[in-house]
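**Q** Dropping in final-v9.txt, with compact mmCIF, C-alpha atoms and all ligand atoms.
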```
# COMPACT_ATOMS: atom_id res chain seq x y z
CA MET O 27 99.14 34.94 -142.17
CA THR O 28 99.35 36.18 -145.79
CA LEU O 29 96.43 38.21 -147.05
CA LYS O 30 95.09 37.64 -150.56
CA PRO O 31 95.19 40.54 -153.03
CA ILE O 32 92.01 42.51 -152.44
CA ASN O 33 90.51 41.76 -155.86
CA GLU O 34 90.78 38.00 -155.30
CA LEU O 35 88.93 38.46 -152.03
CA LEU O 36 86.18 40.50 -153.70
CA VAL O 37 85.76 37.83 -156.41
CA GLU O 38 85.55 35.14 -153.73
CA ILE O 39 82.93 37.08 -151.75
CA ALA O 40 80.80 37.78 -154.84
CA GLY O 41 81.11 34.06 -155.70
CA GLN O 42 79.71 33.13 -152.30
CA ALA O 43 76.68 35.36 -152.94
CA GLU O 44 76.08 33.62 -156.27
CA ARG O 45 76.55 30.23 -154.62
CA ALA O 46 74.01 31.20 -151.93
CA LEU O 47 71.38 32.06 -154.57
CA LEU O 48 72.05 28.72 -156.30
CA TYR O 49 71.81 26.75 -153.04
CA GLU O 50 68.52 28.46 -152.17
CA VAL O 51 66.75 27.61 -155.41
CA ALA O 52 68.23 24.09 -155.49
CA LEU O 53 67.09 23.33 -151.92
CA THR O 54 64.16 20.88 -152.11
CA PRO O 55 61.38 20.60 -150.94
CA LYS O 56 60.53 24.25 -150.20
CA PRO O 57 56.83 24.79 -149.42
CA GLY O 58 55.14 27.11 -151.95
CA LEU O 59 58.48 28.02 -153.55
CA VAL O 60 60.23 27.08 -156.77
CA ASP O 61 62.61 24.15 -156.25
CA ARG O 62 63.96 21.14 -158.16
CA ASN O 63 60.69 19.28 -157.66
CA ASN O 64 58.16 21.86 -158.85
CA SER O 65 57.30 25.57 -159.20
CA GLY O 66 55.43 25.71 -155.89
CA ALA O 67 52.62 28.27 -155.90
CA HIS O 68 54.05 30.03 -158.99
CA SER O 69 52.64 29.56 -162.47
CA ASP O 70 54.96 32.02 -164.23
CA MET O 71 58.41 30.74 -163.26
CA ASP O 72 60.35 27.52 -162.76
CA PHE O 73 63.79 26.29 -161.66
CA PHE O 74 65.37 27.42 -164.95
CA THR O 75 63.92 30.94 -164.63
CA PHE O 76 65.88 31.19 -161.38
CA LEU O 77 69.09 29.97 -163.03
CA ASP O 78 68.66 32.62 -165.75
CA SER O 79 67.99 35.23 -163.08
CA ILE O 80 71.13 34.30 -161.11
CA VAL O 81 73.32 34.44 -164.23
CA SER O 82 71.95 37.93 -164.99
CA LEU O 83 72.71 39.15 -161.45
CA SER O 84 76.16 37.60 -161.21
CA PRO O 85 78.25 40.53 -162.60
CA TYR O 86 76.40 42.96 -160.33
CA LEU O 87 77.21 40.95 -157.20
CA TYR O 88 80.88 41.64 -157.89
CA GLN O 89 80.14 45.32 -158.63
CA TYR O 90 78.32 45.74 -155.28
CA VAL O 91 81.24 44.41 -153.21
CA LYS O 92 83.73 46.39 -155.30
CA LEU O 93 81.75 49.61 -154.85
CA GLY O 94 81.85 48.98 -151.10
CA ALA O 95 85.58 48.25 -151.04
CA GLU O 96 86.40 51.40 -153.02
CA HIS O 97 84.00 53.67 -151.14
CA GLU O 98 85.43 56.59 -149.20
CA GLY O 99 82.34 58.54 -148.08
CA THR O 100 79.54 57.90 -145.58
CA PRO O 101 77.52 54.67 -145.31
CA LYS O 102 74.45 56.48 -146.68
CA GLU O 103 76.40 57.62 -149.73
CA LEU O 104 77.35 54.01 -150.34
CA PHE O 105 73.68 53.03 -150.07
CA HIS O 106 72.81 55.42 -152.90
CA LYS O 107 75.65 54.04 -155.03
CA VAL O 108 74.67 50.40 -154.63
CA ARG O 109 70.98 51.14 -155.07
CA SER O 110 71.63 52.90 -158.37
CA MET O 111 73.63 49.88 -159.48
CA GLY O 112 70.81 47.67 -158.13
CA ILE O 113 68.25 49.35 -160.37
CA HIS O 114 70.36 48.37 -163.42
CA ALA O 115 70.67 44.85 -162.03
CA GLU O 116 66.90 44.61 -161.55
CA LYS O 117 66.42 45.58 -165.21
CA ALA O 118 68.92 42.90 -166.30
CA MET O 119 67.10 40.37 -164.13
CA LEU O 120 63.71 41.26 -165.61
CA ALA O 121 65.15 41.04 -169.13
CA ALA O 122 66.52 37.57 -168.35
CA THR O 123 63.27 36.32 -166.81
CA LYS O 124 60.88 37.93 -169.33
CA ASN O 125 59.61 40.35 -166.70
CA ILE O 126 59.09 37.90 -163.87
CA ASN O 127 60.12 38.97 -160.38
CA THR O 128 62.47 36.21 -159.25
CA HIS O 129 64.98 38.10 -157.11
CA LYS O 130 63.85 41.69 -156.61
CA GLY O 131 64.13 41.46 -152.84
CA ALA O 132 67.33 39.39 -152.92
CA ASN O 133 68.99 41.75 -155.41
CA PHE O 134 68.20 44.73 -153.19
CA SER O 135 69.54 43.04 -150.05
CA PHE O 136 72.66 41.65 -151.73
CA ALA O 137 73.38 45.17 -153.01
CA VAL O 138 73.25 46.51 -149.46
CA LEU O 139 75.04 43.61 -147.77
CA LEU O 140 77.76 43.11 -150.40
CA GLY O 141 78.37 46.87 -150.36
CA ALA O 142 78.63 46.71 -146.56
CA THR O 143 80.96 43.69 -146.79
CA GLY O 144 83.26 45.54 -149.21
CA ALA O 145 83.35 48.62 -146.99
CA TYR O 146 84.01 46.47 -143.94
CA ILE O 147 86.97 44.63 -145.42
CA SER O 148 88.52 47.79 -146.82
CA SER O 149 88.44 49.35 -143.35
CA GLY O 150 91.15 46.87 -142.27
CA GLN O 151 91.50 43.95 -144.63
CA ARG O 152 90.13 40.79 -143.02
CA PRO O 153 90.97 37.30 -144.28
CA LEU O 154 88.26 34.74 -144.91
CA PRO O 155 86.67 33.00 -143.12
CA PHE O 156 85.01 35.81 -141.20
CA SER O 157 84.29 35.57 -137.49
CA GLU O 158 80.93 36.16 -135.82
CA GLU O 159 82.19 39.66 -134.90
CA ASP O 160 83.00 40.37 -138.56
CA ILE O 161 79.44 39.46 -139.57
CA GLN O 162 78.07 41.70 -136.80
CA GLY O 163 80.31 44.51 -138.07
CA ILE O 164 78.96 44.08 -141.61
CA LEU O 165 75.34 44.08 -140.43
CA ALA O 166 76.01 47.21 -138.34
CA TYR O 167 77.43 48.90 -141.45
CA ALA O 168 74.35 47.82 -143.48
CA LYS O 169 72.17 49.35 -140.76
CA ALA O 170 74.03 52.66 -141.02
CA MET O 171 73.70 52.55 -144.82
CA SER O 172 69.91 52.04 -144.59
CA HIS O 173 69.22 54.65 -141.92
CA GLY O 174 65.98 56.56 -142.75
CA LEU O 175 65.10 54.22 -145.64
CA VAL O 176 61.53 53.43 -144.56
CA THR O 177 60.63 57.07 -143.95
CA ASN O 178 62.30 58.29 -147.14
CA ASP O 179 60.92 55.59 -149.46
CA PHE O 180 57.39 55.78 -148.14
CA ALA O 181 57.19 59.59 -147.78
CA ASP O 182 55.06 60.47 -150.82
CA LEU O 183 53.05 57.34 -151.48
CA ALA O 184 49.74 59.21 -151.58
CA ALA O 185 50.95 61.12 -154.64
CA LYS O 186 51.99 58.00 -156.60
CA SER O 187 49.71 56.71 -159.32
CA SER O 188 50.77 53.05 -159.09
CA LEU O 189 52.06 51.27 -156.02
CA THR O 190 54.28 48.21 -155.58
CA TYR O 191 53.12 45.37 -153.31
CA GLY O 192 55.51 46.63 -150.61
CA GLU O 193 54.11 50.14 -150.81
CA LYS O 194 50.54 48.85 -150.63
CA LEU O 195 51.34 46.73 -147.57
CA TYR O 196 52.85 49.75 -145.85
CA LEU O 197 49.77 51.88 -146.54
CA SER O 198 47.32 49.13 -145.51
CA TYR O 199 49.07 47.65 -142.49
CA GLY O 200 52.20 49.69 -141.74
CA ILE O 201 54.27 46.67 -142.79
CA THR O 202 57.79 47.83 -143.67
CA GLY O 203 58.95 44.62 -145.44
CA ILE O 204 62.47 44.37 -146.76
CA ARG O 205 63.14 48.10 -146.21
CA GLY O 206 62.35 47.75 -142.50
CA GLU O 207 64.53 44.65 -142.27
CA ALA O 208 67.46 46.53 -143.86
CA GLU O 209 66.98 49.62 -141.69
CA ALA O 210 67.01 47.46 -138.55
CA GLY O 211 70.33 45.88 -139.64
CA TYR O 212 68.80 42.54 -140.76
CA PRO O 213 67.76 41.10 -137.38
CA ALA O 214 66.36 38.05 -139.20
CA LEU O 215 69.97 37.27 -140.10
CA GLY O 216 71.94 38.51 -137.08
CA GLN O 217 69.51 37.39 -134.40
CA LEU O 218 67.72 34.42 -135.95
CA ILE O 219 69.39 32.60 -138.82
CA MET O 220 73.08 33.06 -138.06
CA PRO O 221 72.73 31.86 -134.42
CA PHE O 222 70.71 28.89 -135.77
CA PHE O 223 73.39 28.04 -138.35
CA ARG O 224 76.17 28.33 -135.76
CA ALA O 225 74.33 26.06 -133.33
CA ASN O 226 73.75 23.45 -136.07
CA LYS O 227 77.00 23.68 -138.02
CA ASP O 228 77.96 20.03 -137.54
CA ARG O 229 74.66 18.58 -138.80
CA PRO O 230 73.87 17.70 -142.48
CA MET O 231 73.69 21.00 -144.34
CA GLU O 232 70.62 20.21 -146.42
CA LEU O 233 68.48 19.44 -143.36
CA VAL O 234 69.76 22.52 -141.55
CA LEU O 235 68.80 24.71 -144.55
CA LEU O 236 65.30 23.18 -144.71
CA GLU O 237 64.80 23.81 -140.99
CA ALA O 238 66.17 27.33 -141.39
CA LEU O 239 63.52 28.03 -144.03
CA LEU O 240 60.78 26.84 -141.66
CA LEU O 241 62.26 28.97 -138.88
CA LEU O 242 62.15 32.06 -141.11
CA MET O 243 58.59 31.26 -142.20
CA SER O 244 57.58 30.96 -138.55
CA GLN O 245 58.85 34.45 -137.68
CA VAL O 246 59.39 36.81 -140.62
CA GLU O 247 56.83 39.42 -141.74
CA ASP O 248 56.78 37.99 -145.26
CA GLY O 249 55.41 40.58 -147.67
CA ASN O 250 54.94 37.97 -150.36
CA ILE O 251 52.62 35.82 -148.25
CA ILE O 252 50.72 38.85 -146.97
CA HIS O 253 50.09 40.44 -150.35
CA ARG O 254 48.74 37.18 -151.74
CA GLY O 255 46.83 35.84 -148.75
CA GLY O 256 46.38 38.65 -146.22
CA ILE O 257 47.32 38.84 -142.56
CA ASP O 258 45.30 35.80 -141.46
CA ALA O 259 46.97 33.54 -144.02
CA TRP O 260 50.38 34.76 -142.83
CA ARG O 261 49.49 34.12 -139.15
CA THR O 262 48.30 30.62 -140.04
CA ILE O 263 51.60 29.87 -141.79
CA LYS O 264 53.56 31.11 -138.79
CA THR O 265 51.60 28.78 -136.49
CA GLU O 266 51.83 25.81 -138.84
CA THR O 267 55.57 26.14 -139.43
CA LYS O 268 56.23 26.38 -135.67
CA GLN O 269 54.30 23.12 -135.31
CA LEU O 270 56.23 21.54 -138.20
CA LEU O 271 59.51 22.42 -136.50
CA GLN O 272 58.29 20.77 -133.32
CA ASP O 273 56.99 17.64 -135.05
CA SER O 274 59.97 17.10 -137.34
CA HIS O 275 63.17 15.14 -136.91
CA GLU O 276 65.86 14.21 -139.41
CA GLY O 277 63.92 11.10 -140.49
CA ASN O 278 60.61 12.82 -141.38
CA LEU O 279 61.53 16.45 -142.15
CA LYS O 280 61.53 16.15 -145.95
CA GLU O 281 58.30 14.15 -145.98
CA LEU O 282 56.55 16.78 -143.84
CA MET O 283 57.85 19.55 -146.07
CA TYR O 284 56.70 17.77 -149.27
CA SER O 285 53.21 17.54 -147.75
CA TYR O 286 53.25 21.17 -146.65
CA ASP O 287 54.30 22.18 -150.18
CA LEU O 288 51.00 20.72 -151.44
CA VAL O 289 49.10 22.70 -148.79
CA LEU O 290 50.68 26.02 -149.81
CA ILE O 291 50.24 25.28 -153.53
CA GLU O 292 46.54 24.66 -152.88
CA ARG O 293 46.33 27.98 -150.99
CA HIS O 294 48.39 29.78 -153.69
CA LEU O 295 50.86 31.08 -151.08
CA SER O 296 54.63 31.51 -151.43
CA PRO O 297 57.12 32.61 -148.76
CA GLY O 298 59.33 34.63 -151.15
CA GLY O 299 60.59 36.94 -148.39
CA ALA O 300 61.75 33.99 -146.28
CA ALA O 301 63.48 32.48 -149.35
CA ASP O 302 65.40 35.70 -149.95
CA LEU O 303 66.50 35.87 -146.31
CA LEU O 304 67.59 32.24 -146.49
CA SER O 305 69.93 33.00 -149.40
CA LEU O 306 71.39 35.95 -147.49
CA GLY O 307 71.93 33.69 -144.47
CA ILE O 308 73.64 31.06 -146.64
CA PHE O 309 75.95 33.79 -147.97
CA PHE O 310 77.09 34.76 -144.46
CA ALA O 311 77.33 31.13 -143.36
CA LYS O 312 79.69 30.53 -146.29
CA LEU O 313 81.77 33.59 -145.37
CA GLU O 314 81.97 32.22 -141.81
CA ASN O 315 82.80 28.74 -143.16
CA LEU O 316 79.96 27.15 -141.19
CA PHE O 317 79.25 24.69 -144.03
C1 LIG O 401 63.34 48.11 -152.16
C2 LIG O 401 63.05 47.28 -153.39
C3 LIG O 401 63.07 45.81 -153.02
C4 LIG O 401 61.75 47.67 -154.04
O1 LIG O 401 60.67 47.46 -153.27
P1 LIG O 401 59.22 47.27 -153.88
O2 LIG O 401 58.31 48.18 -153.12
O3 LIG O 401 59.23 47.40 -155.36
O4 LIG O 401 59.02 45.82 -153.58
P2 LIG O 401 58.30 45.08 -152.40
O5 LIG O 401 56.92 44.81 -152.89
O6 LIG O 401 58.48 45.79 -151.11
O7 LIG O 401 59.05 43.72 -152.36
C5 LIG O 401 60.35 43.51 -152.43
C6 LIG O 401 60.62 42.01 -152.36
O8 LIG O 401 61.17 41.74 -151.08
C7 LIG O 401 60.85 40.40 -150.72
N1 LIG O 401 60.30 40.46 -149.35
C8 LIG O 401 59.06 40.70 -148.96
N2 LIG O 401 58.98 40.71 -147.61
C9 LIG O 401 60.22 40.48 -147.17
C10 LIG O 401 60.79 40.35 -145.89
N3 LIG O 401 60.07 40.50 -144.79
N4 LIG O 401 62.10 40.10 -145.80
C11 LIG O 401 62.84 39.95 -146.91
N5 LIG O 401 62.37 40.04 -148.15
C12 LIG O 401 61.08 40.31 -148.27
C13 LIG O 401 59.90 39.87 -151.73
O9 LIG O 401 60.68 39.12 -152.65
C14 LIG O 401 60.28 37.78 -152.85
O10 LIG O 401 59.02 37.80 -153.47
C15 LIG O 401 59.25 37.67 -154.86
C16 LIG O 401 57.98 37.56 -155.58
O11 LIG O 401 57.35 38.78 -155.33
P3 LIG O 401 56.14 39.37 -156.14
O12 LIG O 401 56.58 40.22 -157.24
O13 LIG O 401 55.30 40.00 -155.12
O14 LIG O 401 55.58 38.08 -156.84
P4 LIG O 401 54.25 37.29 -156.81
O15 LIG O 401 53.64 37.09 -155.46
O16 LIG O 401 54.53 36.06 -157.56
O17 LIG O 401 53.36 38.32 -157.56
P5 LIG O 401 52.21 38.08 -158.55
O18 LIG O 401 52.75 37.20 -159.64
O19 LIG O 401 51.12 37.42 -157.75
O20 LIG O 401 51.86 39.46 -159.02
C17 LIG O 401 60.14 36.53 -154.85
O21 LIG O 401 60.72 36.25 -156.02
C18 LIG O 401 61.13 37.00 -153.76
O22 LIG O 401 62.19 37.72 -154.31
C19 LIG O 401 59.41 41.09 -152.46
O23 LIG O 401 59.11 40.88 -153.83
C20 LIG O 401 64.14 47.46 -154.47
O24 LIG O 401 63.68 46.79 -155.61
C21 LIG O 401 64.48 48.88 -154.81
O25 LIG O 401 65.18 49.55 -154.10
N6 LIG O 401 64.02 49.30 -155.94
C22 LIG O 401 64.31 50.61 -156.41
C23 LIG O 401 63.22 51.48 -156.01
C24 LIG O 401 63.62 52.88 -156.25
O26 LIG O 401 64.66 53.33 -155.80
N7 LIG O 401 62.81 53.57 -156.97
C25 LIG O 401 63.15 54.89 -157.27
C26 LIG O 401 62.42 55.80 -156.38
S1 LIG O 401 60.73 55.89 -156.81
N1 LIG O 402 62.82 29.59 -154.71
C1 LIG O 402 61.99 30.62 -154.82
N2 LIG O 402 60.72 30.44 -155.25
C2 LIG O 402 59.89 31.50 -155.36
N3 LIG O 402 60.21 32.75 -155.05
C3 LIG O 402 61.46 32.96 -154.62
N4 LIG O 402 62.09 34.09 -154.26
C4 LIG O 402 63.34 33.79 -153.93
N5 LIG O 402 63.55 32.47 -154.06
C5 LIG O 402 62.39 31.93 -154.48
```
How does this structure look as structure tokens?
**A**
Amino acid sequence: MTLKPINELLVEIAGQAERALLYEVALTPKPGLVDRNNSGAHSDMDFFTFLDSIVSLSPYLYQYVKLGAEHEGTPKELFHKVRSMGIHAEKAMLAATKNINTHKGANFSFAVLLGATGAYISSGQRPLPFSEEDIQGILAYAKAMSHGLVTNDFADLAAKSSLTYGEKLYLSYGITGIRGEAEAGYPALGQLIMPFFRANKDRPMELVLLEALLLLMSQVEDGNIIHRGGIDAWRTIKTETKQLLQDSHEGNLKELMYSYDLVLIERHLSPGGAADLLSLGIFFAKLENLF
């Protein structure tokens, strides 16, 4: 087997991250979320805001994987490098979206996971597609990068004058959000979405992605739902999406999801955390050539 020059591989990997973000926003119907049909429970952004956001993040996706591939220190040192780069990316995103948070969570997680992917391939260059073991290796590296993140980030919250939604949720409920997910090595990906994608790899991709979103909504501690609607609203969504998964089949899935979109719009709830995790899952599914 001939291996591609490393830079071609890095470009290909960054391209899969961009493709994953595009697939996620294009997937329709997504309850409460922005899609090709409507802006869900969001009044300040639409499909085109997401396209602008993805274009602004695109150069950084390549920088994250390159930083990882060139890194020679510890995983935690790589975390600090990609996070610093991520802060610039977040500024570029906010400039492109006129200060609307489209991909804050996704940008953070792609920084960590693309950095981990770069470091993983440079440790013994792997060809694409990756195997299940490769993906596990990348998630294990991301876990090492994020070690201590929750404790460090939330150490001095009492002294801060203004808090982000994630910080408020931690203080109110002990919810660790995307930081906790990263520090645990992304179990929502390694233990939930990737096994689901592997088990369904021969079915129509669009339906599998819609079901994957429901699966995430039925299990993930979604900071976006909780900050808007509180714990009870989040529990209700988990119960309802479990029921939707049980009631749906290929013939009625889209219809049920269109109806549920109206329900979440009415309640002003949006599963932004689940959407971000879906794009990360699509990225790994593409690297594994599952669809
Ligand atoms: C670590 C950072 C992400 C920063 O964290 P921060 O505390 O600023 O942000 P969080 O509030 O914790 O939210 C981060 C985003 O993560 C997504 N998310 C939430 N829960 C989960 C989950 N369980 N799994 C995965 N992802 C999750 C979520 O993103 C989605 O929601 C977006 C919309 O969010 P929001 O702004 O809340 O929008 P609205 O509800 O519309 O708000 P209103 O209009 O009503 O006001 C949506 O687009 C999805 O992307 C969360 O938003 C990272 O940014 C970072 O490291 N920053 C640097 C920090 C730093 O180093 N500072 C220097 C030291 S002080
Ligand atoms: N499609 C989407 N709609 C709203 N928030 C999101 N965050 C990530 N993807 C999203």
**Q** Give me, please, the distance in Å between atom CA of Lys227 of chain O and atom CA of Ser305 of chain O, quoted to one decimal.
**A**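 Distance reported for this atom pair: 16.3 Å.
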**Q** At a cut-off of 12 Å, using only C-alpha atoms, what residues contact Ala210 of chain O? Leave out same-chain residues fewer than 6 positions from it and give the result as a ChimeraX atom specification.
**A** /O:165-176,202-204,216-217
**Q** How big is the axis-aligned box around the listed atoms of ligand LIG 402 (chain O) once 4 Å is added on each side, and where is its centre? Give both in Å to one decimal, as AutoDock Vina command-line options.
**A**
```
--center_x 61.7 --center_y 31.8 --center_z -154.6 --size_x 11.7 --size_y 12.5 --size_z 9.4
```
**Q** So which one's closest to Pro57 of chain O, O:Leu215, O:Ile263, O:Ile164, O:Leu83? Using all atoms listed in the file, please.
**A**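 For Pro57 of chain O, the nearest of the given residues is O:Ile263.
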**Q** Any idea what's packed within 9 Å of segment 29-45 of chain O, counting only C-alpha atoms, ignoring anything in its chain fewer than 5 positions away? Could you give it as a ChimeraX atom specification?
**A** /O:50,80-81,83-92,95,136,140,143-144,147-148,151-154,305-306,308-310,312-313
**Q** Around ligand LIG 401 (chain O), which protein and nucleic acid residues have at least one atom no more than 8 Å from it, if we count all atoms listed in the file? List them as a CSV table (one decimal) with C-alpha atoms, in the frame of the given file.
**A**
```csv
chain,number,residue,atom,x,y,z
O,68,HIS,CA,54.0,30.0,-159.0
O,70,ASP,CA,55.0,32.0,-164.2
O,109,ARG,CA,71.0,51.1,-155.1
O,110,SER,CA,71.6,52.9,-158.4
O,112,GLY,CA,70.8,47.7,-158.1
O,113,ILE,CA,68.2,49.4,-160.4
O,116,GLU,CA,66.9,44.6,-161.6
O,126,ILE,CA,59.1,37.9,-163.9
O,127,ASN,CA,60.1,39.0,-160.4
O,128,THR,CA,62.5,36.2,-159.2
O,129,HIS,CA,65.0,38.1,-157.1
O,130,LYS,CA,63.8,41.7,-156.6
O,131,GLY,CA,64.1,41.5,-152.8
O,132,ALA,CA,67.3,39.4,-152.9
O,133,ASN,CA,69.0,41.8,-155.4
O,134,PHE,CA,68.2,44.7,-153.2
O,135,SER,CA,69.5,43.0,-150.0
O,179,ASP,CA,60.9,55.6,-149.5
O,189,LEU,CA,52.1,51.3,-156.0
O,190,THR,CA,54.3,48.2,-155.6
O,191,TYR,CA,53.1,45.4,-153.3
O,192,GLY,CA,55.5,46.6,-150.6
O,193,GLU,CA,54.1,50.1,-150.8
O,194,LYS,CA,50.5,48.8,-150.6
O,195,LEU,CA,51.3,46.7,-147.6
O,202,THR,CA,57.8,47.8,-143.7
O,203,GLY,CA,59.0,44.6,-145.4
O,204,ILE,CA,62.5,44.4,-146.8
O,205,ARG,CA,63.1,48.1,-146.2
O,206,GLY,CA,62.4,47.8,-142.5
O,207,GLU,CA,64.5,44.6,-142.3
O,246,VAL,CA,59.4,36.8,-140.6
O,247,GLU,CA,56.8,39.4,-141.7
O,248,ASP,CA,56.8,38.0,-145.3
O,249,GLY,CA,55.4,40.6,-147.7
O,250,ASN,CA,54.9,38.0,-150.4
O,251,ILE,CA,52.6,35.8,-148.2
O,253,HIS,CA,50.1,40.4,-150.4
O,254,ARG,CA,48.7,37.2,-151.7
O,295,LEU,CA,50.9,31.1,-151.1
O,296,SER,CA,54.6,31.5,-151.4
O,297,PRO,CA,57.1,32.6,-148.8
O,298,GLY,CA,59.3,34.6,-151.2
O,299,GLY,CA,60.6,36.9,-148.4
O,300,ALA,CA,61.8,34.0,-146.3
O,301,ALA,CA,63.5,32.5,-149.4
O,302,ASP,CA,65.4,35.7,-150.0
O,303,LEU,CA,66.5,35.9,-146.3
```
**Q** Looking at all atoms listed in the file, which of O:Met71, O:Arg229, O:Asn64, O:Leu139 is the one that sits closest to Pro101 of chain O?
**A** O:Leu139
**Q** Could you please determine the separation between atom CA of Thr75 of chain O and atom CA of Met119 of chain O in Å, to one decimal place?
**A**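 Atom CA of Met119 of chain O lies at a distance of 10.0 Å from atom CA of Thr75 of chain O.
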**Q** Write out as an mmCIF file with C-alpha atoms, in the coordinates of the input which residues come within 8 Å of Asn315 of chain O when counting all atoms listed in the file, dropping same-chain ones fewer than 3 positions away.
**A**
```cif
data_model
loop_
_atom_site.group_PDB
_atom_site.id
_atom_site.type_symbol
_atom_site.label_atom_id
_atom_site.label_comp_id
_atom_site.auth_asym_id
_atom_site.auth_seq_id
_atom_site.Cartn_x
_atom_site.Cartn_y
_atom_site.Cartn_z
ATOM 1 C CA PRO O 155 86.670 33.000 -143.120
ATOM 2 C CA PHE O 156 85.010 35.810 -141.200
ATOM 3 C CA ALA O 311 77.330 31.130 -143.360
ATOM 4 C CA LYS O 312 79.690 30.530 -146.290
#
```
**Q** Quick one: pull the distance between atom CA of Met283 of chain O and atom CA of Phe317 of chain O, Å, one decimal.
**A**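 Spanning atom CA of Met283 of chain O to atom CA of Phe317 of chain O is a straight-line distance of 22.1 Å.
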**Q** Given the choices O:Glu158, O:Asp72, O:Glu209, O:Asp287, which gets closest to ligand LIG 402 (chain O) if the distance is worked out from all atoms listed in the file?
**A**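 Smallest distance to ligand LIG 402 (chain O) is found for O:Asp72.
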**Q** What would the list of residues within 10 Å of (79.5, 55.2, -151.4) (file frame) look like as a VMD selection string, if all atoms listed in the file are what count?
**A** chain O and resid 93 to 108 141 to 142 145 171
**Q** Would you save the residues from that selection as an mmCIF file, in the frame of the given file, using C-alpha atoms?
**A**
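So the final result, stored in out05.cif, reads:
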```cif
data_model
loop_
_atom_site.group_PDB
_atom_site.id
_atom_site.type_symbol
_atom_site.label_atom_id
_atom_site.label_comp_id
_atom_site.auth_asym_id
_atom_site.auth_seq_id
_atom_site.Cartn_x
_atom_site.Cartn_y
_atom_site.Cartn_z
ATOM 1 C CA LEU O 93 81.750 49.610 -154.850
ATOM 2 C CA GLY O 94 81.850 48.980 -151.100
ATOM 3 C CA ALA O 95 85.580 48.250 -151.040
ATOM 4 C CA GLU O 96 86.400 51.400 -153.020
ATOM 5 C CA HIS O 97 84.000 53.670 -151.140
ATOM 6 C CA GLU O 98 85.430 56.590 -149.200
ATOM 7 C CA GLY O 99 82.340 58.540 -148.080
ATOM 8 C CA THR O 100 79.540 57.900 -145.580
ATOM 9 C CA PRO O 101 77.520 54.670 -145.310
ATOM 10 C CA LYS O 102 74.450 56.480 -146.680
ATOM 11 C CA GLU O 103 76.400 57.620 -149.730
ATOM 12 C CA LEU O 104 77.350 54.010 -150.340
ATOM 13 C CA PHE O 105 73.680 53.030 -150.070
ATOM 14 C CA HIS O 106 72.810 55.420 -152.900
ATOM 15 C CA LYS O 107 75.650 54.040 -155.030
ATOM 16 C CA VAL O 108 74.670 50.400 -154.630
ATOM 17 C CA GLY O 141 78.370 46.870 -150.360
ATOM 18 C CA ALA O 142 78.630 46.710 -146.560
ATOM 19 C CA ALA O 145 83.350 48.620 -146.990
ATOM 20 C CA MET O 171 73.700 52.550 -144.820
#
```
**Q** Just checking: using all atoms listed in the file, which residue out of O:Val289, O:Leu239, O:Ala121, O:Ala185 ends up closest to ligand LIG 402 (chain O)?
**A**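 Of all the options, O:Leu239 lies closest to ligand LIG 402 (chain O).
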**Q** For a quick check of understanding, using all atoms listed in the file, which of O:Val60, O:Ala52, O:Leu279, O:Val234 has the smallest distance to ligand LIG 402 (chain O)?
**A**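 Closest candidate: O:Val60.
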**Q** Using all atoms listed in the file, which residue out of O:Leu236, O:Leu218, O:Val51, O:Ala46 lies closest to ligand LIG 402 (chain O)?
**A** O:Val51
**Q** Anything within 9 Å of (56.1, 23.8, -155.7): list those residues as a ChimeraX atom specification, counting all atoms listed in the file and sticking to the file's coordinates.
**A** /O:55-68,284,287-288,290-291,296
**Q** Would you list the contacts of Leu197 of chain O as a PyMOL selection string, taking every protein, DNA or RNA residue within 9 Å and counting all atoms listed in the file, but skipping same-chain residues closer than 6 positions in sequence?
**A** chain O and resi 180+183-184
